[in-house]
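Engineer: The structure's right below; bear with me while I get my questions together.
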Amino acid sequence: MSQSGHLVLCVDDETVGLQVRRMILERSGYKVITALDGKSGLSLFESHPVEAVVLDYAMPGMHGGEVAALMRERKPNVPILLLSAYLGLPPDITKLVNVYMTKGEGAPALLEKLGSLFEN
Amino acid sequence: MNLNQLNRILLQTMLLPVVFLLLVAGLLVWQVRNAEQTVDRIQVANQNIATANLINALMVDEETGVRGYQNTSNEIFLQPYEFAVNPLQDAFASLRAGINAEHGDTRPIDELVAAHQRWVTTVAEPMIETVRIGGNTRDPGINLRGKAELDNLRALIGGIIDTEKQQNALAVQRWQTQVTDTLYGVVVASLVSGILIGAFARNRLHAVTDAFQSTLVALRVETQSTYESEQRLLATLTSIGDGVVVCNSEGCVELLNAVAEQLTGWSQKDALNLAVQQVFILADEDSREPLENPFEQVKRTNHLTGTLHALLIQREGAALQIDCSGAPIHDRFGTLLGVIIVFRDVTEQRRTQAALMASEKLAVAGRLAATIAHEIHNPLDAVVNLIYLMKTGSTPEETQEFLQMASSELDRVTQISRAMLGMYRESRTPVALELKPIIESVLVLLERQLAHAQITVTSSLPDNAIITGYPAELRQVFTNLISNAAEASTPGSSIEILARIISASRGLSHPRPGVAVIINDHGAGITTADLDRIFQPFFTTKGEHGTGLGLWVSQGIIQKHGGSITVESRTSPTDKGTTITVFLPRGEAELPT
């Protein structure tokens, strides 16, 4: 299920996690750009024709909910997948995004949910 | 009425009869003196009568002598006349003196003396001369004159005697009157003074009786109120919620109230007069060694004891945790009359405290849980993804790299789970421990929270900062203090953590060696009003996010370590922040070799 060159923006403050996630997405055929915090993620989001966002929730400075809200303001149609190590984020945050999943569910789940964003 | 008044009344009652008796005696003496004078007068009158009779007799002698000589011309017959001449003069003088002493009117005696002299010169001497010269003695002229003169003399002396008799009778009558008067006077004075003394004594005795009566009434009222207040105190003591043991100065039990009976297991009846040390047995909470009885402490110091925390060993041998205190009972001269021991069962309270401390520990864990879940989930997610990459095919070089990455991610998980376990695994006895790794492990757990709040922590923790204590509890304290500092800090600010080793010789402020840990933030600071309350349980400035137990528990832990915790805060616009200083003593525990 090779995804032919969709541009995905990954934002996470965990360097190793981000690096590994990037490799998984690239193997599946995505083009990936990464950012280590919300602020630089937002500027990449604006400057690149990003087709989907894989966003970490817990980040210093601006958390994933805030970043998602700003992204929705700028490009409301770009789908967002929110990743979090926490269970039970408040609904006003989860309803902002297209998909919400917890870390640790594994790469196949991530790829499947990300892929579903492009099927619609 | 006091004793002085009573004495005065007694003195009055005794003196008044004496005064009256003296007055009556004075009256009597005066009357007797008067009577004596009257008796003197009677005697003088009698004497005068006697003298007048003598004068009469002497004048008769003279006349008889002159007549005998006239008839016989014999000188012998003239002797009575001659013998009477001198005594008569003496008698005249005597009578004059007597009359003079009596009433002073000497005219009758002067007339008598003059008449006698006239008789002597005109009758007696011419007659004697006539006889001697042998003249005619029968001359009727001289004889008639002689008779006339003699009659005159007799009349005069008779008058004097009558006057004296009259005087005598008057004096006797007067004496009788005086005696009667005296009698009446004495009777009347006795009666009057008797009545007066009686009335006065009655009046005074009434005053004494009244005073006695009112004293009696007052005494009865006082006894009643003393009894009532005693009953009130007794009821208070017996119904009070604390246990009360009262013993005398010898330490013999006098009273156990109902609570004391229940807590000690001794009934009032069984414990009465037993030594208090036998009924109220205390032991150390930890070591169970016997403790000094509060009675002994009070007797030794003569002062209130502070609140003592101890185990009370009940009659059946079970132990209760109690707080107790002893207080001396003094009389008004400060002599020890007895000792009151007040105590209460704090087993339940201690249990509640322990539950609160446990719940605070859980709250700390709860606050950390989100962070920890994140800290564990992130590396695990990376590891799961790495395994997926290796499963779906990778070159040997890639596999090597992935394994390396997975291994270092797992190290992170291990480090965090160790730090977390360190919060709960507790040793039973205090051990020597280095503060540096303890504080660093806390910082590992808080790393995410601090990074989130964009707070940088600079720490200066020397090696060999060694103290004696319980590592898990100290982790809890530092987690609490550092996360408080982080919550108070504004994003972008910093927290400084500094440890200083203090040697024993560093002055009087820290007489013991140990380590001072200073945590300084640049947050809003704590207001003076809040500063007084931050160590109270359930006081929080964090609303629903805080339990209000963190600092209370931290202070309890530090105090258990024999240390101290102080807070200084700055709230001026230019300089804000809070500095918390924790001192932990080096203690006795040896480092493991």
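Just so we're on the same page: first chain in the structure tokens is A, next is B, and so on; residues restart at 1 for each chain, and ligands are numbered from 1 in the order they show up.
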Could you build a table of the residues in chain B lying no more than 12 Å from chain A, giving for each the nearest pair of atoms and their separation in Å rounded to one decimal place, using only C-alpha atoms, ordered by chain and ascending residue number, as JSON lines?
Structural biologist:
{"residue": "B:Ala369", "atom": "CA", "partner": "A:Tyr86", "partner_atom": "CA", "distance": 9.9}
{"residue": "B:Ala370", "atom": "CA", "partner": "A:Tyr86", "partner_atom": "CA", "distance": 6.8}
{"residue": "B:Thr371", "atom": "CA", "partner": "A:Tyr86", "partner_atom": "CA", "distance": 8.8}
{"residue": "B:Ile372", "atom": "CA", "partner": "A:Ala85", "partner_atom": "CA", "distance": 9.7}
{"residue": "B:Ala373", "atom": "CA", "partner": "A:Ala85", "partner_atom": "CA", "distance": 6.7}
{"residue": "B:His374", "atom": "CA", "partner": "A:Ala85", "partner_atom": "CA", "distance": 5.0}
{"residue": "B:Glu375", "atom": "CA", "partner": "A:Ala85", "partner_atom": "CA", "distance": 8.3}
{"residue": "B:Ile376", "atom": "CA", "partner": "A:Ala85", "partner_atom": "CA", "distance": 8.5}
{"residue": "B:His377", "atom": "CA", "partner": "A:Ala85", "partner_atom": "CA", "distance": 5.5}
{"residue": "B:Asn378", "atom": "CA", "partner": "A:Ala85", "partner_atom": "CA", "distance": 6.6}
{"residue": "B:Pro379", "atom": "CA", "partner": "A:Gly17", "partner_atom": "CA", "distance": 7.1}
{"residue": "B:Leu380", "atom": "CA", "partner": "A:Gly104", "partner_atom": "CA", "distance": 6.5}
{"residue": "B:Asp381", "atom": "CA", "partner": "A:Gly104", "partner_atom": "CA", "distance": 4.4}
{"residue": "B:Ala382", "atom": "CA", "partner": "A:Gly17", "partner_atom": "CA", "distance": 4.8}
{"residue": "B:Val383", "atom": "CA", "partner": "A:Gly17", "partner_atom": "CA", "distance": 8.4}
{"residue": "B:Val384", "atom": "CA", "partner": "A:Gly106", "partner_atom": "CA", "distance": 6.1}
{"residue": "B:Asn385", "atom": "CA", "partner": "A:Ala107", "partner_atom": "CA", "distance": 5.7}
{"residue": "B:Leu386", "atom": "CA", "partner": "A:Val20", "partner_atom": "CA", "distance": 6.5}
{"residue": "B:Ile387", "atom": "CA", "partner": "A:Ala107", "partner_atom": "CA", "distance": 9.4}
{"residue": "B:Tyr388", "atom": "CA", "partner": "A:Ala107", "partner_atom": "CA", "distance": 6.7}
{"residue": "B:Leu389", "atom": "CA", "partner": "A:Ile24", "partner_atom": "CA", "distance": 6.6}
{"residue": "B:Met390", "atom": "CA", "partner": "A:Ile24", "partner_atom": "CA", "distance": 10.4}
{"residue": "B:Lys391", "atom": "CA", "partner": "A:Ala107", "partner_atom": "CA", "distance": 11.2}
{"residue": "B:Thr392", "atom": "CA", "partner": "A:Arg27", "partner_atom": "CA", "distance": 9.5}
{"residue": "B:Gly393", "atom": "CA", "partner": "A:Arg27", "partner_atom": "CA", "distance": 10.2}
{"residue": "B:Ser394", "atom": "CA", "partner": "A:Arg27", "partner_atom": "CA", "distance": 10.6}
{"residue": "B:Glu398", "atom": "CA", "partner": "A:Met23", "partner_atom": "CA", "distance": 11.1}
{"residue": "B:Glu401", "atom": "CA", "partner": "A:Val20", "partner_atom": "CA", "distance": 11.1}
{"residue": "B:Phe402", "atom": "CA", "partner": "A:Val20", "partner_atom": "CA", "distance": 8.8}
{"residue": "B:Leu403", "atom": "CA", "partner": "A:Val20", "partner_atom": "CA", "distance": 11.9}
{"residue": "B:Gln404", "atom": "CA", "partner": "A:Val16", "partner_atom": "CA", "distance": 11.3}
{"residue": "B:Met405", "atom": "CA", "partner": "A:Val16", "partner_atom": "CA", "distance": 7.6}
{"residue": "B:Ala406", "atom": "CA", "partner": "A:Val16", "partner_atom": "CA", "distance": 9.2}
{"residue": "B:Ser407", "atom": "CA", "partner": "A:Val16", "partner_atom": "CA", "distance": 11.7}
{"residue": "B:Ser408", "atom": "CA", "partner": "A:Val16", "partner_atom": "CA", "distance": 9.8}
{"residue": "B:Glu409", "atom": "CA", "partner": "A:Val16", "partner_atom": "CA", "distance": 8.2}
{"residue": "B:Leu410", "atom": "CA", "partner": "A:Val16", "partner_atom": "CA", "distance": 11.9}
{"residue": "B:Arg412", "atom": "CA", "partner": "A:Val16", "partner_atom": "CA", "distance": 11.8}
{"residue": "B:Glu447", "atom": "CA", "partner": "A:Pro60", "partner_atom": "CA", "distance": 10.9}
{"residue": "B:Arg448", "atom": "CA", "partner": "A:Pro60", "partner_atom": "CA", "distance": 8.3}
{"residue": "B:Gln449", "atom": "CA", "partner": "A:Pro60", "partner_atom": "CA", "distance": 8.7}
{"residue": "B:Leu450", "atom": "CA", "partner": "A:Pro60", "partner_atom": "CA", "distance": 8.8}
{"residue": "B:Ala451", "atom": "CA", "partner": "A:Pro60", "partner_atom": "CA", "distance": 5.7}
{"residue": "B:His452", "atom": "CA", "partner": "A:Pro60", "partner_atom": "CA", "distance": 4.0}
{"residue": "B:Ala453", "atom": "CA", "partner": "A:Pro60", "partner_atom": "CA", "distance": 6.7}
{"residue": "B:Gln454", "atom": "CA", "partner": "A:Pro60", "partner_atom": "CA", "distance": 6.4}
{"residue": "B:Ile455", "atom": "CA", "partner": "A:Pro60", "partner_atom": "CA", "distance": 9.8}
{"residue": "B:Thr456", "atom": "CA", "partner": "A:Pro60", "partner_atom": "CA", "distance": 11.9}
{"residue": "B:Pro491", "atom": "CA", "partner": "A:Gly61", "partner_atom": "CA", "distance": 8.5}
{"residue": "B:Gly492", "atom": "CA", "partner": "A:Gly61", "partner_atom": "CA", "distance": 9.6}
Engineer: How about saving the chosen residues, C-alpha atoms kept, as a CSV table (one decimal), in the first residue's frame?
Structural biologist:
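And here is the file that came out, part_17.csv:
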chain,number,residue,atom,x,y,z
B,369,ALA,CA,1.6,9.7,36.5
B,370,ALA,CA,0.8,11.7,33.4
B,371,THR,CA,4.4,12.8,33.0
B,372,ILE,CA,5.6,9.3,33.6
B,373,ALA,CA,3.1,7.7,31.2
B,374,HIS,CA,4.4,10.1,28.6
B,375,GLU,CA,8.0,9.4,29.5
B,376,ILE,CA,7.5,5.7,29.2
B,377,HIS,CA,5.1,5.8,26.3
B,378,ASN,CA,7.4,7.8,24.1
B,379,PRO,CA,10.5,5.5,24.2
B,380,LEU,CA,8.2,2.5,24.0
B,381,ASP,CA,6.6,3.9,20.9
B,382,ALA,CA,10.0,4.4,19.4
B,383,VAL,CA,11.1,0.9,20.3
B,384,VAL,CA,7.8,-0.6,18.8
B,385,ASN,CA,8.4,1.3,15.6
B,386,LEU,CA,12.1,0.3,15.4
B,387,ILE,CA,11.1,-3.3,15.8
B,388,TYR,CA,8.5,-2.8,13.0
B,389,LEU,CA,11.2,-1.4,10.8
B,390,MET,CA,13.5,-4.3,11.5
B,391,LYS,CA,10.7,-6.8,10.9
B,392,THR,CA,9.7,-5.3,7.6
B,393,GLY,CA,13.3,-5.6,6.3
B,394,SER,CA,16.4,-3.7,6.9
B,398,GLU,CA,20.4,-0.4,9.7
B,401,GLU,CA,21.6,1.2,14.2
B,402,PHE,CA,18.0,0.4,15.1
B,403,LEU,CA,19.0,-1.9,17.9
B,404,GLN,CA,21.3,0.8,19.3
B,405,MET,CA,18.5,3.3,19.2
B,406,ALA,CA,16.0,0.8,20.8
B,407,SER,CA,18.5,0.0,23.6
B,408,SER,CA,19.0,3.7,24.5
B,409,GLU,CA,15.3,4.3,24.5
B,410,LEU,CA,14.8,1.3,26.8
B,412,ARG,CA,15.3,5.8,29.4
B,447,GLU,CA,12.0,16.9,33.4
B,448,ARG,CA,8.9,16.7,31.1
B,449,GLN,CA,6.8,18.9,33.4
B,450,LEU,CA,9.6,21.5,33.6
B,451,ALA,CA,10.3,21.4,29.9
B,452,HIS,CA,6.6,21.9,29.3
B,453,ALA,CA,6.5,24.9,31.5
B,454,GLN,CA,9.6,26.1,29.7
B,455,ILE,CA,11.4,26.3,33.0
B,456,THR,CA,15.2,25.7,33.2
B,491,PRO,CA,7.3,30.3,31.5
B,492,GLY,CA,10.9,31.0,30.6
Engineer: Quick one: residues within 8 Å of region 426-429 of chain B, only C-alpha atoms counted, chain neighbours fewer than 5 positions away excluded, as a list of chain:residue names?
Structural biologist: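 Once the nearby chain positions are removed, what remains is B:Gly469, B:Tyr470, B:Pro471, B:Ala472, B:Glu473.
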Engineer: At what distance in Å, to one decimal, does CA of Thr182 (chain B) lie from CA of Ile99 (chain B)?
Structural biologist: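 It comes out at 28.6 Å.
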Engineer: What does the structure give for the distance between CA of Gln559 (chain B) and CA of Ala516 (chain B), in Å to one decimal?
Structural biologist: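 CA of Ala516 (chain B) lies at a distance of 14.0 Å from CA of Gln559 (chain B).
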Engineer: Name the residues in contact with region 72-74 of chain A at a cut-off of 9 Å, using only C-alpha atoms, excluding same-chain residues fewer than 4 positions from it; report them as a PDB file with all heavy atoms, in the first residue's frame.
Structural biologist:
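Just written: selection-v5.pdb:
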ATOM      1  N   GLU A  46       2.805  26.259   6.702  1.00  0.00           N
ATOM      2  CA  GLU A  46       2.400  27.347   5.815  1.00  0.00           C
ATOM      3  C   GLU A  46       3.222  27.387   4.530  1.00  0.00           C
ATOM      4  O   GLU A  46       2.714  27.715   3.459  1.00  0.00           O
ATOM      5  CB  GLU A  46       2.529  28.687   6.553  1.00  0.00           C
ATOM      6  CG  GLU A  46       1.368  28.913   7.510  1.00  0.00           C
ATOM      7  CD  GLU A  46       1.458  30.245   8.210  1.00  0.00           C
ATOM      8  OE1 GLU A  46       1.630  31.266   7.511  1.00  0.00           O
ATOM      9  OE2 GLU A  46       1.375  30.260   9.450  1.00  0.00           O
ATOM     10  N   VAL A  67      -1.553  23.851  18.342  1.00  0.00           N
ATOM     11  CA  VAL A  67      -0.995  23.838  16.982  1.00  0.00           C
ATOM     12  C   VAL A  67      -2.089  23.471  15.973  1.00  0.00           C
ATOM     13  O   VAL A  67      -2.253  24.138  14.944  1.00  0.00           O
ATOM     14  CB  VAL A  67       0.184  22.841  16.897  1.00  0.00           C
ATOM     15  CG1 VAL A  67       0.742  22.792  15.473  1.00  0.00           C
ATOM     16  CG2 VAL A  67       1.288  23.233  17.881  1.00  0.00           C
ATOM     17  N   ALA A  68      -2.890  22.440  16.346  1.00  0.00           N
ATOM     18  CA  ALA A  68      -3.947  21.979  15.437  1.00  0.00           C
ATOM     19  C   ALA A  68      -4.953  23.093  15.162  1.00  0.00           C
ATOM     20  O   ALA A  68      -5.388  23.298  14.023  1.00  0.00           O
ATOM     21  CB  ALA A  68      -4.648  20.762  16.043  1.00  0.00           C
ATOM     22  N   VAL A  78      -6.643  20.516   5.403  1.00  0.00           N
ATOM     23  CA  VAL A  78      -5.546  19.560   5.571  1.00  0.00           C
ATOM     24  C   VAL A  78      -5.872  18.658   6.763  1.00  0.00           C
ATOM     25  O   VAL A  78      -6.116  19.135   7.869  1.00  0.00           O
ATOM     26  CB  VAL A  78      -4.214  20.294   5.807  1.00  0.00           C
ATOM     27  CG1 VAL A  78      -3.095  19.296   6.078  1.00  0.00           C
ATOM     28  CG2 VAL A  78      -3.885  21.150   4.606  1.00  0.00           C
ATOM     29  N   PRO A  79      -5.932  17.320   6.546  1.00  0.00           N
ATOM     30  CA  PRO A  79      -6.260  16.430   7.672  1.00  0.00           C
ATOM     31  C   PRO A  79      -5.131  16.355   8.708  1.00  0.00           C
ATOM     32  O   PRO A  79      -3.955  16.448   8.351  1.00  0.00           O
ATOM     33  CB  PRO A  79      -6.482  15.089   6.981  1.00  0.00           C
ATOM     34  CG  PRO A  79      -5.729  15.161   5.704  1.00  0.00           C
ATOM     35  CD  PRO A  79      -5.703  16.615   5.281  1.00  0.00           C
ATOM     36  N   ILE A  80      -5.533  16.223   9.955  1.00  0.00           N
ATOM     37  CA  ILE A  80      -4.550  16.173  11.053  1.00  0.00           C
ATOM     38  C   ILE A  80      -4.757  14.888  11.840  1.00  0.00           C
ATOM     39  O   ILE A  80      -5.891  14.526  12.197  1.00  0.00           O
ATOM     40  CB  ILE A  80      -4.709  17.378  11.987  1.00  0.00           C
ATOM     41  CG1 ILE A  80      -4.506  18.692  11.208  1.00  0.00           C
ATOM     42  CG2 ILE A  80      -3.731  17.302  13.165  1.00  0.00           C
ATOM     43  CD1 ILE A  80      -4.825  19.939  11.999  1.00  0.00           C
ATOM     44  N   LEU A  96     -11.110  18.663  17.180  1.00  0.00           N
ATOM     45  CA  LEU A  96     -10.435  19.552  16.228  1.00  0.00           C
ATOM     46  C   LEU A  96      -9.771  18.773  15.093  1.00  0.00           C
ATOM     47  O   LEU A  96      -9.574  19.289  14.006  1.00  0.00           O
ATOM     48  CB  LEU A  96      -9.333  20.329  16.957  1.00  0.00           C
ATOM     49  CG  LEU A  96      -9.638  21.704  17.545  1.00  0.00           C
ATOM     50  CD1 LEU A  96      -8.421  22.208  18.302  1.00  0.00           C
ATOM     51  CD2 LEU A  96     -10.030  22.681  16.459  1.00  0.00           C
ATOM     52  N   VAL A  97      -9.389  17.508  15.430  1.00  0.00           N
ATOM     53  CA  VAL A  97      -8.552  16.758  14.484  1.00  0.00           C
ATOM     54  C   VAL A  97      -9.355  15.645  13.818  1.00  0.00           C
ATOM     55  O   VAL A  97     -10.435  15.289  14.288  1.00  0.00           O
ATOM     56  CB  VAL A  97      -7.324  16.163  15.203  1.00  0.00           C
ATOM     57  CG1 VAL A  97      -6.471  17.284  15.795  1.00  0.00           C
ATOM     58  CG2 VAL A  97      -7.751  15.175  16.278  1.00  0.00           C
TER      59      VAL A  97
END
Engineer: As a PyMOL selection string, please: the residues near Ser287 (chain B) (cut-off 12 Å, only C-alpha atoms, same-chain neighbours under 5 positions excluded).
Structural biologist: chain B and resi 282+310-311
Engineer: I need the chosen residues saved as a tab-separated table (two decimals), in the first residue's frame, with N, CA and C atoms.
Structural biologist:
chain	number	residue	atom	x	y	z
B	282	LEU	N	3.24	4.84	80.92
B	282	LEU	CA	3.56	5.37	79.61
B	282	LEU	C	4.79	4.68	79.02
B	310	ALA	N	2.88	9.68	73.60
B	310	ALA	CA	3.35	8.44	74.21
B	310	ALA	C	2.34	7.33	73.98
B	311	LEU	N	2.78	6.13	74.35
B	311	LEU	CA	1.85	5.01	74.36
B	311	LEU	C	1.37	4.84	75.79
Engineer: Within 12 Å of Asn98 (chain A), counting only C-alpha atoms, which residues show up once you throw out same-chain ones fewer than 5 positions away? Write them as a ChimeraX atom specification, please.
Structural biologist: /A:52-55,68,72,76-83,93,113-114,116-118,120
Engineer: Please identify which residues in chain A DSSP calls alpha helix (DSSP H) from the backbone, and express them as a ChimeraX atom specification.
Structural biologist: /A:15-27,38-47,64-74,91-94,107-119
Engineer: Nearest to Leu42 (chain A) among A:Tyr57, A:Leu9, A:Tyr30, A:Gly88, with distances taken over only C-alpha atoms: which residue is it?
Structural biologist: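 Ranked by minimum distance to Leu42 (chain A), first place goes to A:Leu9.
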Engineer: Just give me the gap between CA of Val567 (chain B) and CA of Thr581 (chain B) in Å, one decimal is fine.
Structural biologist: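 Distance between the two atoms: 6.5 Å.
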Engineer: Which residues, written as a list in words, have at least one atom at most 12 Å from Thr121 (chain B), with only C-alpha atoms counted and residues fewer than 6 positions away on the same chain left out?
Structural biologist: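 With the cut-off at 12 Å, the set is Ala114, Ala115, Met127, Ile128, Glu129, Ile142, Arg145, Gly146 and Glu149 of chain B.
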Engineer: Counting only C-alpha atoms, which of A:Arg22, A:Lys31, A:Lys75, A:Lys39 gets nearest to His6 (chain A)?
Structural biologist: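 The closest residue to His6 (chain A) is A:Lys31.
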Engineer: So that I can see what lies close to region 67-73 of chain B, please list as a ChimeraX atom specification the residues with an atom at most 9 Å from it, counting only C-alpha atoms and leaving out residues fewer than 2 positions away in the same chain.
Structural biologist: /B:62-65,75-79,127-128,130-132,134,137-138
Engineer: As a PDB file with N, CA, C and O atoms, in the first residue's frame, which residues of region 54-104 of chain A does DSSP assign to strand (DSSP E)?
Structural biologist:
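Contents of the output file states_4.pdb:
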ATOM      1  N   VAL A  54       0.986  14.759  11.014  1.00  0.00           N
ATOM      2  CA  VAL A  54       1.039  13.835  12.154  1.00  0.00           C
ATOM      3  C   VAL A  54       1.632  14.643  13.312  1.00  0.00           C
ATOM      4  O   VAL A  54       2.798  15.027  13.288  1.00  0.00           O
ATOM      5  N   LEU A  55       0.750  14.921  14.294  1.00  0.00           N
ATOM      6  CA  LEU A  55       1.096  15.906  15.314  1.00  0.00           C
ATOM      7  C   LEU A  55       1.154  15.236  16.690  1.00  0.00           C
ATOM      8  O   LEU A  55       0.246  14.493  17.082  1.00  0.00           O
ATOM      9  N   ASP A  56       2.256  15.512  17.420  1.00  0.00           N
ATOM     10  CA  ASP A  56       2.347  15.020  18.808  1.00  0.00           C
ATOM     11  C   ASP A  56       1.597  16.000  19.703  1.00  0.00           C
ATOM     12  O   ASP A  56       1.579  17.205  19.450  1.00  0.00           O
ATOM     13  N   ILE A  80      -5.533  16.223   9.955  1.00  0.00           N
ATOM     14  CA  ILE A  80      -4.550  16.173  11.053  1.00  0.00           C
ATOM     15  C   ILE A  80      -4.757  14.888  11.840  1.00  0.00           C
ATOM     16  O   ILE A  80      -5.891  14.526  12.197  1.00  0.00           O
ATOM     17  N   LEU A  81      -3.653  14.199  12.112  1.00  0.00           N
ATOM     18  CA  LEU A  81      -3.668  13.009  12.965  1.00  0.00           C
ATOM     19  C   LEU A  81      -2.923  13.376  14.248  1.00  0.00           C
ATOM     20  O   LEU A  81      -1.768  13.775  14.204  1.00  0.00           O
ATOM     21  N   LEU A  82      -3.637  13.318  15.385  1.00  0.00           N
ATOM     22  CA  LEU A  82      -3.021  13.711  16.663  1.00  0.00           C
ATOM     23  C   LEU A  82      -2.563  12.471  17.402  1.00  0.00           C
ATOM     24  O   LEU A  82      -3.336  11.532  17.633  1.00  0.00           O
ATOM     25  N   LEU A  83      -1.279  12.465  17.767  1.00  0.00           N
ATOM     26  CA  LEU A  83      -0.694  11.362  18.523  1.00  0.00           C
ATOM     27  C   LEU A  83      -0.472  11.831  19.956  1.00  0.00           C
ATOM     28  O   LEU A  83      -0.060  12.971  20.170  1.00  0.00           O
ATOM     29  N   SER A  84      -0.729  10.941  20.891  1.00  0.00           N
ATOM     30  CA  SER A  84      -0.432  11.354  22.266  1.00  0.00           C
ATOM     31  C   SER A  84      -0.071  10.156  23.114  1.00  0.00           C
ATOM     32  O   SER A  84      -0.579   9.051  22.913  1.00  0.00           O
ATOM     33  N   VAL A  99      -8.142  12.422  13.202  1.00  0.00           N
ATOM     34  CA  VAL A  99      -7.899  11.153  13.869  1.00  0.00           C
ATOM     35  C   VAL A  99      -7.087  11.427  15.129  1.00  0.00           C
ATOM     36  O   VAL A  99      -6.186  12.260  15.145  1.00  0.00           O
ATOM     37  N   TYR A 100      -7.449  10.697  16.176  1.00  0.00           N
ATOM     38  CA  TYR A 100      -6.686  10.816  17.423  1.00  0.00           C
ATOM     39  C   TYR A 100      -6.270   9.421  17.833  1.00  0.00           C
ATOM     40  O   TYR A 100      -7.093   8.504  17.907  1.00  0.00           O
ATOM     41  N   MET A 101      -4.969   9.188  18.064  1.00  0.00           N
ATOM     42  CA  MET A 101      -4.530   7.867  18.518  1.00  0.00           C
ATOM     43  C   MET A 101      -3.403   7.992  19.536  1.00  0.00           C
ATOM     44  O   MET A 101      -2.737   9.024  19.629  1.00  0.00           O
ATOM     45  N   THR A 102      -3.263   6.956  20.373  1.00  0.00           N
ATOM     46  CA  THR A 102      -2.213   6.997  21.387  1.00  0.00           C
ATOM     47  C   THR A 102      -0.961   6.335  20.846  1.00  0.00           C
ATOM     48  O   THR A 102      -1.020   5.405  20.041  1.00  0.00           O
TER      49      THR A 102
END
